[in-house]
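The structure file input23.cif is reproduced below (mmCIF, C-alpha atoms).
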data_data
loop_
_atom_site.label_atom_id
_atom_site.label_comp_id
_atom_site.auth_asym_id
_atom_site.auth_seq_id
_atom_site.Cartn_x
_atom_site.Cartn_y
_atom_site.Cartn_z
CA MET A 1 0.00 0.00 0.00
CA PHE A 2 1.37 3.43 -0.99
CA SER A 3 2.14 5.79 1.89
CA LEU A 4 1.71 9.57 1.67
CA GLN A 5 3.89 10.10 4.73
CA ASN A 6 7.58 10.88 4.25
CA SER A 7 8.97 11.62 7.70
CA GLY A 8 12.25 9.76 7.61
CA MET A 9 10.89 7.32 5.00
CA ASP A 10 12.65 6.42 1.77
CA ARG A 11 10.77 7.68 -1.28
CA ILE A 12 11.37 6.55 -4.86
CA PHE A 13 10.71 8.76 -7.90
CA SER A 14 11.23 7.99 -11.56
CA GLY A 15 9.75 9.19 -14.83
CA ILE A 16 9.30 7.94 -18.37
CA GLN A 17 8.54 9.87 -21.54
CA PRO A 18 5.27 8.96 -23.31
CA THR A 19 6.69 7.56 -26.51
CA GLY A 20 3.85 5.03 -26.77
CA LYS A 21 6.11 2.11 -27.64
CA LEU A 22 8.67 0.75 -25.19
CA HIS A 23 11.56 -1.41 -26.35
CA LEU A 24 13.55 -4.15 -24.63
CA GLY A 25 16.13 -1.66 -23.41
CA ASN A 26 13.38 0.33 -21.62
CA TYR A 27 11.90 -2.81 -20.12
CA PHE A 28 15.08 -4.38 -18.74
CA GLY A 29 16.82 -1.08 -18.00
CA ALA A 30 13.92 0.57 -16.15
CA ILE A 31 10.46 -1.01 -16.02
CA GLN A 32 11.50 -4.37 -14.60
CA ASN A 33 13.33 -2.47 -11.87
CA TRP A 34 10.26 -0.30 -11.22
CA VAL A 35 8.11 -3.38 -10.65
CA ARG A 36 10.61 -4.70 -8.11
CA LEU A 37 10.93 -1.36 -6.28
CA GLN A 38 7.16 -0.98 -5.79
CA GLU A 39 7.32 -4.24 -3.81
CA GLU A 40 10.32 -3.16 -1.72
CA TYR A 41 9.38 0.43 -0.78
CA ASN A 42 6.24 1.94 0.73
CA SER A 43 6.43 5.30 -1.04
CA VAL A 44 7.00 5.06 -4.81
CA LEU A 45 6.06 7.57 -7.52
CA TYR A 46 6.23 6.90 -11.25
CA SER A 47 5.41 9.75 -13.62
CA ILE A 48 4.63 9.85 -17.33
CA VAL A 49 6.65 12.99 -18.03
CA ASP A 50 4.68 14.63 -20.82
CA LEU A 51 6.22 18.07 -20.22
CA HIS A 52 9.59 16.58 -21.16
CA ALA A 53 8.01 15.09 -24.29
CA LEU A 54 7.51 18.61 -25.70
CA THR A 55 11.29 19.04 -26.12
CA ILE A 56 10.75 17.18 -29.42
CA PRO A 57 7.96 18.44 -31.73
CA ARG A 58 4.87 16.21 -31.42
CA GLU A 59 1.36 16.37 -32.85
CA PRO A 60 -1.17 16.90 -30.02
CA ALA A 61 -3.29 13.89 -31.02
CA VAL A 62 -0.22 11.66 -31.15
CA LEU A 63 0.99 12.84 -27.74
CA ARG A 64 -2.48 12.35 -26.25
CA GLN A 65 -2.59 8.75 -27.50
CA SER A 66 1.02 8.06 -26.50
CA ILE A 67 0.24 9.02 -22.88
CA LEU A 68 -2.56 6.43 -22.78
CA ASP A 69 -0.48 3.80 -24.60
CA THR A 70 2.42 4.28 -22.18
CA THR A 71 0.00 3.94 -19.26
CA ALA A 72 -1.37 0.69 -20.71
CA THR A 73 2.16 -0.63 -21.25
CA LEU A 74 3.29 0.15 -17.70
CA LEU A 75 0.20 -1.53 -16.22
CA ALA A 76 0.64 -4.57 -18.46
CA CYS A 77 4.29 -4.86 -17.39
CA GLY A 78 3.26 -5.08 -13.73
CA ILE A 79 3.11 -1.51 -12.40
CA ASN A 80 0.40 -1.63 -9.74
CA PRO A 81 -1.40 1.65 -8.82
CA GLU A 82 -2.24 0.11 -5.44
CA LYS A 83 1.48 -0.06 -4.62
CA CYS A 84 2.74 3.15 -6.25
CA LEU A 85 1.52 6.47 -7.62
CA LEU A 86 1.31 6.41 -11.41
CA PHE A 87 0.47 9.86 -12.75
CA GLN A 88 0.81 12.32 -15.61
CA GLN A 89 3.38 15.04 -14.91
CA SER A 90 1.46 17.94 -16.47
CA GLN A 91 -1.53 17.29 -14.20
CA VAL A 92 0.61 18.52 -11.28
CA PRO A 93 1.54 22.15 -12.14
CA GLU A 94 3.98 22.40 -9.22
CA HIS A 95 6.53 20.50 -11.36
CA ALA A 96 6.88 23.43 -13.77
CA GLU A 97 6.69 26.05 -11.01
CA LEU A 98 9.48 24.43 -9.01
CA GLY A 99 11.43 24.02 -12.24
CA TRP A 100 11.47 27.83 -12.60
CA ILE A 101 12.71 28.35 -9.03
CA LEU A 102 15.46 25.75 -9.44
CA GLY A 103 16.41 27.18 -12.83
CA CYS A 104 17.16 30.45 -11.05
CA LEU A 105 19.70 28.56 -8.92
CA THR A 106 21.43 26.82 -11.86
CA SER A 107 24.14 28.29 -14.08
CA MET A 108 24.03 28.04 -17.86
CA PRO A 109 27.62 26.69 -18.16
CA ARG A 110 26.60 23.73 -15.97
CA ILE A 111 23.86 22.72 -18.41
CA GLN A 112 25.98 23.47 -21.48
CA SER A 113 28.52 20.91 -20.27
CA PHE A 114 26.02 18.03 -20.50
CA PRO A 115 26.83 15.65 -23.38
CA GLN A 116 23.09 15.03 -23.95
CA TRP A 117 22.54 18.74 -24.68
CA LYS A 118 25.45 18.83 -27.11
CA VAL A 119 24.23 15.74 -29.01
CA LYS A 120 20.54 16.71 -29.13
CA ASN A 121 21.29 20.33 -30.02
CA ALA A 122 23.54 19.16 -32.86
CA SER A 123 20.77 16.81 -34.07
CA GLN A 124 18.49 19.86 -34.30
CA ASN A 125 21.03 21.85 -36.35
CA SER A 126 22.11 23.84 -33.27
CA GLU A 127 18.59 25.24 -32.95
CA GLY A 128 17.64 23.31 -29.80
CA THR A 129 14.87 24.97 -27.82
CA VAL A 130 15.07 26.55 -24.36
CA GLY A 131 12.97 23.63 -23.12
CA LEU A 132 15.50 21.12 -24.45
CA PHE A 133 18.29 23.09 -22.78
CA THR A 134 16.63 23.34 -19.37
CA TYR A 135 14.96 19.94 -19.16
CA PRO A 136 17.60 18.60 -16.71
CA VAL A 137 16.46 21.34 -14.29
CA LEU A 138 12.84 20.23 -14.72
CA GLN A 139 14.05 16.67 -14.05
CA ALA A 140 15.55 17.90 -10.80
CA ALA A 141 12.22 19.55 -9.93
CA ASP A 142 10.38 16.29 -10.67
CA ILE A 143 12.57 14.50 -8.13
CA LEU A 144 12.81 17.17 -5.43
CA LEU A 145 9.12 18.17 -5.47
CA TYR A 146 8.29 14.99 -3.55
CA LYS A 147 11.40 15.09 -1.34
CA SER A 148 12.48 11.88 -3.05
CA THR A 149 15.38 10.02 -1.45
CA HIS A 150 16.19 7.52 -4.23
CA VAL A 151 16.00 7.58 -8.02
CA PRO A 152 16.42 4.49 -10.24
CA VAL A 153 18.60 5.57 -13.18
CA GLY A 154 20.60 4.17 -16.05
CA GLU A 155 24.22 5.09 -16.64
CA ASP A 156 23.23 7.77 -19.18
CA GLN A 157 21.18 9.64 -16.54
CA VAL A 158 23.76 9.74 -13.74
CA LEU A 159 24.91 13.25 -14.69
CA HIS A 160 21.34 14.53 -14.51
CA LEU A 161 20.89 13.05 -11.05
CA GLU A 162 24.17 14.70 -10.01
CA LEU A 163 22.64 18.01 -11.08
CA ALA A 164 19.55 17.31 -8.94
CA ARG A 165 21.81 16.51 -5.99
CA ASP A 166 23.82 19.71 -6.48
CA ILE A 167 20.67 21.82 -6.80
CA ALA A 168 19.26 20.27 -3.59
CA GLN A 169 22.47 21.12 -1.74
CA HIS A 170 22.53 24.66 -3.18
CA PHE A 171 18.91 25.22 -2.14
CA ASN A 172 19.57 23.83 1.35
CA LYS A 173 22.59 26.09 1.78
CA LYS A 174 20.64 29.16 0.70
CA TYR A 175 17.29 28.53 2.42
CA GLY A 176 18.00 26.00 5.17
CA ASN A 177 18.08 22.20 5.23
CA PHE A 178 14.93 21.22 3.31
CA PHE A 179 15.49 18.71 0.50
CA PRO A 180 16.93 15.23 1.01
CA VAL A 181 19.91 14.78 -1.35
CA PRO A 182 18.64 11.96 -3.60
CA LYS A 183 20.73 8.85 -4.19
CA ALA A 184 20.94 6.75 -7.35
CA ILE A 185 19.66 3.21 -7.62
CA LEU A 186 21.66 1.94 -10.59
CA SER A 187 20.22 -0.76 -12.81
CA THR A 188 22.20 -4.00 -12.59
CA THR A 189 20.98 -5.22 -15.99
CA LYS A 190 23.57 -5.12 -18.76
CA LYS A 191 22.70 -2.55 -21.42
CA ILE A 192 20.71 -3.92 -24.36
CA LYS A 193 22.31 -2.86 -27.66
CA SER A 194 20.89 -2.29 -31.14
CA LEU A 195 20.50 -5.49 -33.17
CA ARG A 196 21.89 -3.67 -36.23
CA ASP A 197 24.70 -1.77 -34.49
CA PRO A 198 25.73 -3.63 -31.32
CA THR A 199 28.16 -0.86 -30.37
CA ALA A 200 25.20 1.50 -29.73
CA LYS A 201 22.42 1.11 -27.17
CA MET A 202 18.95 0.09 -28.33
CA SER A 203 16.96 3.26 -28.99
CA LYS A 204 13.53 4.26 -30.27
CA SER A 205 15.26 6.93 -32.38
CA ASP A 206 17.48 4.38 -34.17
CA PRO A 207 17.15 5.12 -37.92
CA GLN A 208 17.58 1.37 -38.54
CA LYS A 209 14.13 0.10 -37.51
CA LEU A 210 15.33 -3.50 -37.49
CA GLY A 211 17.73 -2.59 -34.68
CA THR A 212 15.03 -1.95 -32.05
CA LEU A 213 12.85 -4.65 -30.47
CA ASN A 214 9.57 -3.19 -29.23
CA ILE A 215 7.76 -5.19 -26.58
CA THR A 216 4.59 -5.02 -28.72
CA ASP A 217 6.29 -6.40 -31.85
CA SER A 218 4.52 -9.37 -33.44
CA PRO A 219 6.22 -12.80 -33.40
CA GLU A 220 6.93 -12.38 -37.12
CA GLU A 221 8.62 -9.00 -36.55
CA ILE A 222 10.72 -10.42 -33.68
CA VAL A 223 11.89 -13.39 -35.78
CA LEU A 224 12.78 -11.08 -38.68
CA LYS A 225 14.73 -8.66 -36.49
CA PHE A 226 16.79 -11.45 -34.94
CA ARG A 227 17.40 -13.03 -38.34
CA LYS A 228 18.81 -9.69 -39.54
CA ALA A 229 20.78 -9.07 -36.32
CA VAL A 230 24.45 -8.24 -36.90
CA THR A 231 26.88 -10.91 -35.64
CA ASP A 232 30.23 -11.97 -37.15
CA PHE A 233 31.89 -14.76 -39.13
CA THR A 234 32.44 -17.06 -36.14
CA SER A 235 29.55 -19.49 -35.71
CA GLU A 236 30.16 -20.41 -32.04
CA VAL A 237 28.07 -18.75 -29.30
CA THR A 238 30.39 -16.98 -26.84
CA TYR A 239 30.25 -13.89 -24.63
CA ASP A 240 32.94 -11.31 -25.36
CA PRO A 241 31.45 -7.79 -25.73
CA ASP A 242 34.73 -6.21 -26.85
CA SER A 243 35.61 -8.55 -29.72
CA ARG A 244 32.15 -10.07 -30.45
CA PRO A 245 29.59 -7.36 -29.61
CA GLY A 246 26.82 -8.73 -31.84
CA VAL A 247 26.69 -12.28 -30.47
CA SER A 248 27.30 -10.97 -26.94
CA ASN A 249 24.24 -8.72 -27.29
CA LEU A 250 22.13 -11.76 -28.20
CA VAL A 251 23.44 -13.55 -25.11
CA THR A 252 22.60 -10.50 -22.96
CA ILE A 253 19.04 -10.45 -24.32
CA HIS A 254 18.68 -14.22 -23.86
CA ALA A 255 19.85 -13.99 -20.24
CA ALA A 256 17.52 -11.04 -19.55
CA VAL A 257 14.35 -12.70 -20.87
CA THR A 258 15.02 -16.10 -19.26
CA GLY A 259 16.46 -14.90 -15.92
CA LEU A 260 19.55 -17.06 -16.45
CA SER A 261 23.08 -15.81 -15.94
CA ILE A 262 25.36 -15.07 -18.90
CA LYS A 263 27.46 -18.11 -17.95
CA GLU A 264 24.41 -20.39 -17.87
CA VAL A 265 23.20 -19.17 -21.26
CA VAL A 266 26.60 -19.73 -22.90
CA HIS A 267 26.86 -23.21 -21.34
CA GLN A 268 23.41 -24.14 -22.69
CA CYS A 269 24.41 -23.06 -26.18
CA ILE A 270 27.56 -25.16 -26.57
CA GLY A 271 27.46 -26.70 -30.05
CA LEU A 272 24.94 -24.22 -31.49
CA ASP A 273 25.82 -21.98 -34.44
CA THR A 274 24.76 -18.33 -34.36
CA ALA A 275 22.14 -18.74 -37.10
CA ARG A 276 20.24 -21.33 -35.06
CA TYR A 277 20.89 -19.40 -31.86
CA LYS A 278 19.15 -16.32 -33.27
CA GLY A 279 15.98 -18.42 -33.62
CA ILE A 280 16.24 -19.65 -30.02
CA VAL A 281 16.63 -16.10 -28.65
CA ALA A 282 13.73 -14.89 -30.81
CA GLU A 283 11.48 -17.64 -29.40
CA ALA A 284 12.51 -16.78 -25.82
CA VAL A 285 11.63 -13.10 -26.43
CA ILE A 286 8.25 -14.07 -27.94
CA GLN A 287 7.46 -16.30 -24.93
CA LYS A 288 8.35 -13.50 -22.52
CA PHE A 289 6.47 -10.65 -24.16
CA ALA A 290 3.45 -12.26 -25.87
CA PRO A 291 1.33 -12.17 -22.66
CA ILE A 292 2.38 -8.58 -21.99
CA GLY A 293 1.50 -7.59 -25.56
CA ASN A 294 -1.95 -9.17 -25.24
CA GLU A 295 -2.57 -7.33 -21.97
CA ILE A 296 -1.49 -4.01 -23.53
CA LYS A 297 -4.05 -4.48 -26.32
CA ARG A 298 -6.78 -5.31 -23.80
CA LEU A 299 -6.00 -2.21 -21.73
CA GLN A 300 -5.81 0.06 -24.78
CA GLU A 301 -9.44 -0.81 -25.52
CA ASP A 302 -10.49 0.54 -22.10
CA LYS A 303 -9.59 4.22 -22.40
CA SER A 304 -11.77 5.26 -19.45
CA HIS A 305 -9.93 2.88 -17.13
CA LEU A 306 -6.55 4.30 -18.18
CA GLU A 307 -7.80 7.86 -17.65
CA LYS A 308 -9.16 6.93 -14.20
CA VAL A 309 -5.79 5.44 -13.19
CA LEU A 310 -3.98 8.64 -14.20
CA GLN A 311 -6.57 10.87 -12.53
CA ALA A 312 -6.41 8.96 -9.25
CA GLY A 313 -2.60 9.06 -9.31
CA ALA A 314 -2.57 12.79 -10.08
CA GLU A 315 -4.89 13.56 -7.15
CA LYS A 316 -2.56 11.82 -4.70
CA ALA A 317 0.54 13.35 -6.32
CA LYS A 318 -1.02 16.84 -6.06
CA GLU A 319 -1.68 16.24 -2.37
CA LEU A 320 2.01 15.49 -1.81
CA ALA A 321 3.29 18.22 -4.14
CA SER A 322 1.13 20.97 -2.69
CA LEU A 323 2.35 20.35 0.86
CA VAL A 324 6.01 20.53 -0.19
CA TYR A 325 5.56 23.44 -2.59
CA GLN A 326 3.72 25.61 -0.06
CA GLU A 327 6.75 25.33 2.19
CA ILE A 328 9.06 26.15 -0.74
CA ARG A 329 6.98 29.27 -1.47
CA ARG A 330 7.46 30.39 2.12
CA LEU A 331 11.20 29.66 2.10
CA VAL A 332 11.93 31.64 -1.08
CA GLY A 333 9.79 34.60 0.01
CA PHE A 334 6.66 34.27 -2.15
CA GLN A 335 4.54 34.33 0.99
#
Could I get this structure in the form of structure tokens?
Amino acid sequence: MFSLQNSGMDRIFSGIQPTGKLHLGNYFGAIQNWVRLQEEYNSVLYSIVDLHALTIPREPAVLRQSILDTTATLLACGINPEKCLLFQQSQVPEHAELGWILGCLTSMPRIQSFPQWKVKNASQNSEGTVGLFTYPVLQAADILLYKSTHVPVGEDQVLHLELARDIAQHFNKKYGNFFPVPKAILSTTKKIKSLRDPTAKMSKSDPQKLGTLNITDSPEEIVLKFRKAVTDFTSEVTYDPDSRPGVSNLVTIHAAVTGLSIKEVVHQCIGLDTARYKGIVAEAVIQKFAPIGNEIKRLQEDKSHLEKVLQAGAEKAKELASLVYQEIRRLVGFQ
């Protein structure tokens, strides 16, 4: 049962952008961890961060549907609104208001140093928006608004959590000890790589569509993507990410979907060539995600249920946020 109290209690916060489709990297890097954490902690908040989604141009109708699709996917993967708060970020206006206050405590050179800003700004022909530039500050506001103590993150988000920690300490120094300094909960799952370029992580923005495995892909799509997966000229199945990244990525995926260790997977595959092994991994992925895919489709047909889940989560999140933000208003001198 979720607890609204936070006096000395650990509180988890994490967010996910509403892209609609989640891939295997999202599932094993974040969602699987989220499901575990809601069982281990009494105060857990998961937000569909639609304000962050606006940093990339999106059609309103597409964004609206993506929010519902992401909600359906999270529920189908095991997120339980009885054990956590699942809510839509924009339904709690205190996120953006605190983002402004924290932005006034953050220097521009600090944000400019982030590699994510440099890459994304370059991808937009150096015309990245103010929102894209400042979204790490909004991320910090997302976390601190609930006085969160722990944040599950992947390696690529560690710098952003460091910013949130620094902002919390800066605020505390200026206005008195108020925010807990949040700690990272790092994912222990090995990073899932693109099937077409196993030196790069799996990504929804991968221009090679065959490189990304979505958890809602049909069995036929999964088989095709594994058949086209890049390996090498050695037929044996081994695990050596430096010299054999393609085959090693297949082993990583196989271990993730079966719950076996890398060593156990490799031992099971002695005598198999990579062509046959691709089929075995594809079948393991299908077995893992077919029930989840069916549940996503069922939930997508019940729009009112999805909206009710988000509304109920937002009401509880607002209750928490308003208590913290009223105190912030007093501390900074608004009242």
- Query: Mind listing as a PyMOL selection string all residues within 12 Å of (22.0, -20.0, -32.1), counting only C-alpha atoms?
  - Reply: chain A and resi 226-227+229+231+234-238+247-248+250-251+254+265-266+268-284
Could you dump the residues just selected with C-alpha atoms as a compact mmCIF listing (two decimals), in the coordinates of the input?
# COMPACT_ATOMS: atom_id res chain seq x y z
CA PHE A 226 16.79 -11.45 -34.94
CA ARG A 227 17.40 -13.03 -38.34
CA ALA A 229 20.78 -9.07 -36.32
CA THR A 231 26.88 -10.91 -35.64
CA THR A 234 32.44 -17.06 -36.14
CA SER A 235 29.55 -19.49 -35.71
CA GLU A 236 30.16 -20.41 -32.04
CA VAL A 237 28.07 -18.75 -29.30
CA THR A 238 30.39 -16.98 -26.84
CA VAL A 247 26.69 -12.28 -30.47
CA SER A 248 27.30 -10.97 -26.94
CA LEU A 250 22.13 -11.76 -28.20
CA VAL A 251 23.44 -13.55 -25.11
CA HIS A 254 18.68 -14.22 -23.86
CA VAL A 265 23.20 -19.17 -21.26
CA VAL A 266 26.60 -19.73 -22.90
CA GLN A 268 23.41 -24.14 -22.69
CA CYS A 269 24.41 -23.06 -26.18
CA ILE A 270 27.56 -25.16 -26.57
CA GLY A 271 27.46 -26.70 -30.05
CA LEU A 272 24.94 -24.22 -31.49
CA ASP A 273 25.82 -21.98 -34.44
CA THR A 274 24.76 -18.33 -34.36
CA ALA A 275 22.14 -18.74 -37.10
CA ARG A 276 20.24 -21.33 -35.06
CA TYR A 277 20.89 -19.40 -31.86
CA LYS A 278 19.15 -16.32 -33.27
CA GLY A 279 15.98 -18.42 -33.62
CA ILE A 280 16.24 -19.65 -30.02
CA VAL A 281 16.63 -16.10 -28.65
CA ALA A 282 13.73 -14.89 -30.81
CA GLU A 283 11.48 -17.64 -29.40
CA ALA A 284 12.51 -16.78 -25.82
- Pick out the closest residue to Lys297 in chain A from this set: A:Leu105, A:Ile262, A:Val151, A:Leu75. Count only C-alpha atoms. A:Leu75
- Nearest to Trp117 in chain A, restricted to all atoms listed in the file and choosing among A:Lys204, A:His150, A:Lys83, A:His160, comes out as A:His160
- Item | Long-range neighbours of range 325-329 of chain A as an MDAnalysis selection string, 9 Å cut-off, only C-alpha atoms, 4 positions minimum in chain | chainID A and resid 94 97:98 145:146 178 320:321 333:335
Would you put the residues from that selection into a file with C-alpha atoms, as a PDB file, in the frame of the given file?
ATOM      1  CA  GLU A  94       3.980  22.400  -9.220  1.00  0.00           C
ATOM      2  CA  GLU A  97       6.690  26.050 -11.010  1.00  0.00           C
ATOM      3  CA  LEU A  98       9.480  24.430  -9.010  1.00  0.00           C
ATOM      4  CA  LEU A 145       9.120  18.170  -5.470  1.00  0.00           C
ATOM      5  CA  TYR A 146       8.290  14.990  -3.550  1.00  0.00           C
ATOM      6  CA  PHE A 178      14.930  21.220   3.310  1.00  0.00           C
ATOM      7  CA  LEU A 320       2.010  15.490  -1.810  1.00  0.00           C
ATOM      8  CA  ALA A 321       3.290  18.220  -4.140  1.00  0.00           C
ATOM      9  CA  GLY A 333       9.790  34.600   0.010  1.00  0.00           C
ATOM     10  CA  PHE A 334       6.660  34.270  -2.150  1.00  0.00           C
ATOM     11  CA  GLN A 335       4.540  34.330   0.990  1.00  0.00           C
TER      12      GLN A 335
END
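Minimum atom-to-atom distances from A:Leu331, A:Ile143, A:Val35, A:Asp197 to Asn177 in chain A were compared using all atoms listed in the file, and the lowest value belongs to A:Leu331.
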- Message: Could you tell me, as a PyMOL selection string, exactly which residues end up selected when the PyMOL selection byres ((chain A and resi 317) around 10) is applied to this structure?
- Response: chain A and resi 4+45-47+85-89+91-92+145-146+311-316+318-322
- If you apply the PyMOL selection byres ((chain A and resi 292) around 12) to this file, what residues do you get, as number ranges by chain? A: 22, 27, 72-79, 214-218, 285-291, 293-299
Residues within 12 Å of range 163-173 of chain A, only C-alpha atoms, excluding chain neighbours under 3 positions, as an mmCIF file with C-alpha atoms, keeping the file's coordinate frame:
data_model
loop_
_atom_site.group_PDB
_atom_site.id
_atom_site.type_symbol
_atom_site.label_atom_id
_atom_site.label_comp_id
_atom_site.auth_asym_id
_atom_site.auth_seq_id
_atom_site.Cartn_x
_atom_site.Cartn_y
_atom_site.Cartn_z
ATOM 1 C CA LEU A 98 9.480 24.430 -9.010
ATOM 2 C CA GLY A 99 11.430 24.020 -12.240
ATOM 3 C CA ILE A 101 12.710 28.350 -9.030
ATOM 4 C CA LEU A 102 15.460 25.750 -9.440
ATOM 5 C CA GLY A 103 16.410 27.180 -12.830
ATOM 6 C CA CYS A 104 17.160 30.450 -11.050
ATOM 7 C CA LEU A 105 19.700 28.560 -8.920
ATOM 8 C CA THR A 106 21.430 26.820 -11.860
ATOM 9 C CA SER A 107 24.140 28.290 -14.080
ATOM 10 C CA ARG A 110 26.600 23.730 -15.970
ATOM 11 C CA ILE A 111 23.860 22.720 -18.410
ATOM 12 C CA SER A 113 28.520 20.910 -20.270
ATOM 13 C CA PHE A 114 26.020 18.030 -20.500
ATOM 14 C CA THR A 134 16.630 23.340 -19.370
ATOM 15 C CA TYR A 135 14.960 19.940 -19.160
ATOM 16 C CA PRO A 136 17.600 18.600 -16.710
ATOM 17 C CA VAL A 137 16.460 21.340 -14.290
ATOM 18 C CA LEU A 138 12.840 20.230 -14.720
ATOM 19 C CA GLN A 139 14.050 16.670 -14.050
ATOM 20 C CA ALA A 140 15.550 17.900 -10.800
ATOM 21 C CA ALA A 141 12.220 19.550 -9.930
ATOM 22 C CA ASP A 142 10.380 16.290 -10.670
ATOM 23 C CA ILE A 143 12.570 14.500 -8.130
ATOM 24 C CA LEU A 144 12.810 17.170 -5.430
ATOM 25 C CA LEU A 145 9.120 18.170 -5.470
ATOM 26 C CA LYS A 147 11.400 15.090 -1.340
ATOM 27 C CA SER A 148 12.480 11.880 -3.050
ATOM 28 C CA THR A 149 15.380 10.020 -1.450
ATOM 29 C CA HIS A 150 16.190 7.520 -4.230
ATOM 30 C CA VAL A 151 16.000 7.580 -8.020
ATOM 31 C CA GLN A 157 21.180 9.640 -16.540
ATOM 32 C CA VAL A 158 23.760 9.740 -13.740
ATOM 33 C CA LEU A 159 24.910 13.250 -14.690
ATOM 34 C CA HIS A 160 21.340 14.530 -14.510
ATOM 35 C CA GLY A 176 18.000 26.000 5.170
ATOM 36 C CA ASN A 177 18.080 22.200 5.230
ATOM 37 C CA PHE A 178 14.930 21.220 3.310
ATOM 38 C CA PHE A 179 15.490 18.710 0.500
ATOM 39 C CA PRO A 180 16.930 15.230 1.010
ATOM 40 C CA VAL A 181 19.910 14.780 -1.350
ATOM 41 C CA PRO A 182 18.640 11.960 -3.600
ATOM 42 C CA LYS A 183 20.730 8.850 -4.190
ATOM 43 C CA ALA A 184 20.940 6.750 -7.350
ATOM 44 C CA ILE A 328 9.060 26.150 -0.740
ATOM 45 C CA LEU A 331 11.200 29.660 2.100
ATOM 46 C CA VAL A 332 11.930 31.640 -1.080
#
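Here CA of Pro152 in chain A is placed at a distance of 28.4 Å from CA of Leu210 in chain A.
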What's around Asn249 in chain A at 9 Å? Count all atoms listed in the file, leave out sequence neighbours fewer than 2 positions away in its own chain, and write the answer as a PDB file with C-alpha atoms, in the frame of the given file.
ATOM      1  CA  LYS A 191      22.700  -2.550 -21.420  1.00  0.00           C
ATOM      2  CA  ILE A 192      20.710  -3.920 -24.360  1.00  0.00           C
ATOM      3  CA  LYS A 193      22.310  -2.860 -27.660  1.00  0.00           C
ATOM      4  CA  SER A 194      20.890  -2.290 -31.140  1.00  0.00           C
ATOM      5  CA  LEU A 195      20.500  -5.490 -33.170  1.00  0.00           C
ATOM      6  CA  PRO A 198      25.730  -3.630 -31.320  1.00  0.00           C
ATOM      7  CA  TYR A 239      30.250 -13.890 -24.630  1.00  0.00           C
ATOM      8  CA  PRO A 241      31.450  -7.790 -25.730  1.00  0.00           C
ATOM      9  CA  ARG A 244      32.150 -10.070 -30.450  1.00  0.00           C
ATOM     10  CA  PRO A 245      29.590  -7.360 -29.610  1.00  0.00           C
ATOM     11  CA  GLY A 246      26.820  -8.730 -31.840  1.00  0.00           C
ATOM     12  CA  VAL A 247      26.690 -12.280 -30.470  1.00  0.00           C
ATOM     13  CA  VAL A 251      23.440 -13.550 -25.110  1.00  0.00           C
ATOM     14  CA  THR A 252      22.600 -10.500 -22.960  1.00  0.00           C
ATOM     15  CA  ILE A 253      19.040 -10.450 -24.320  1.00  0.00           C
ATOM     16  CA  HIS A 254      18.680 -14.220 -23.860  1.00  0.00           C
TER      17      HIS A 254
END
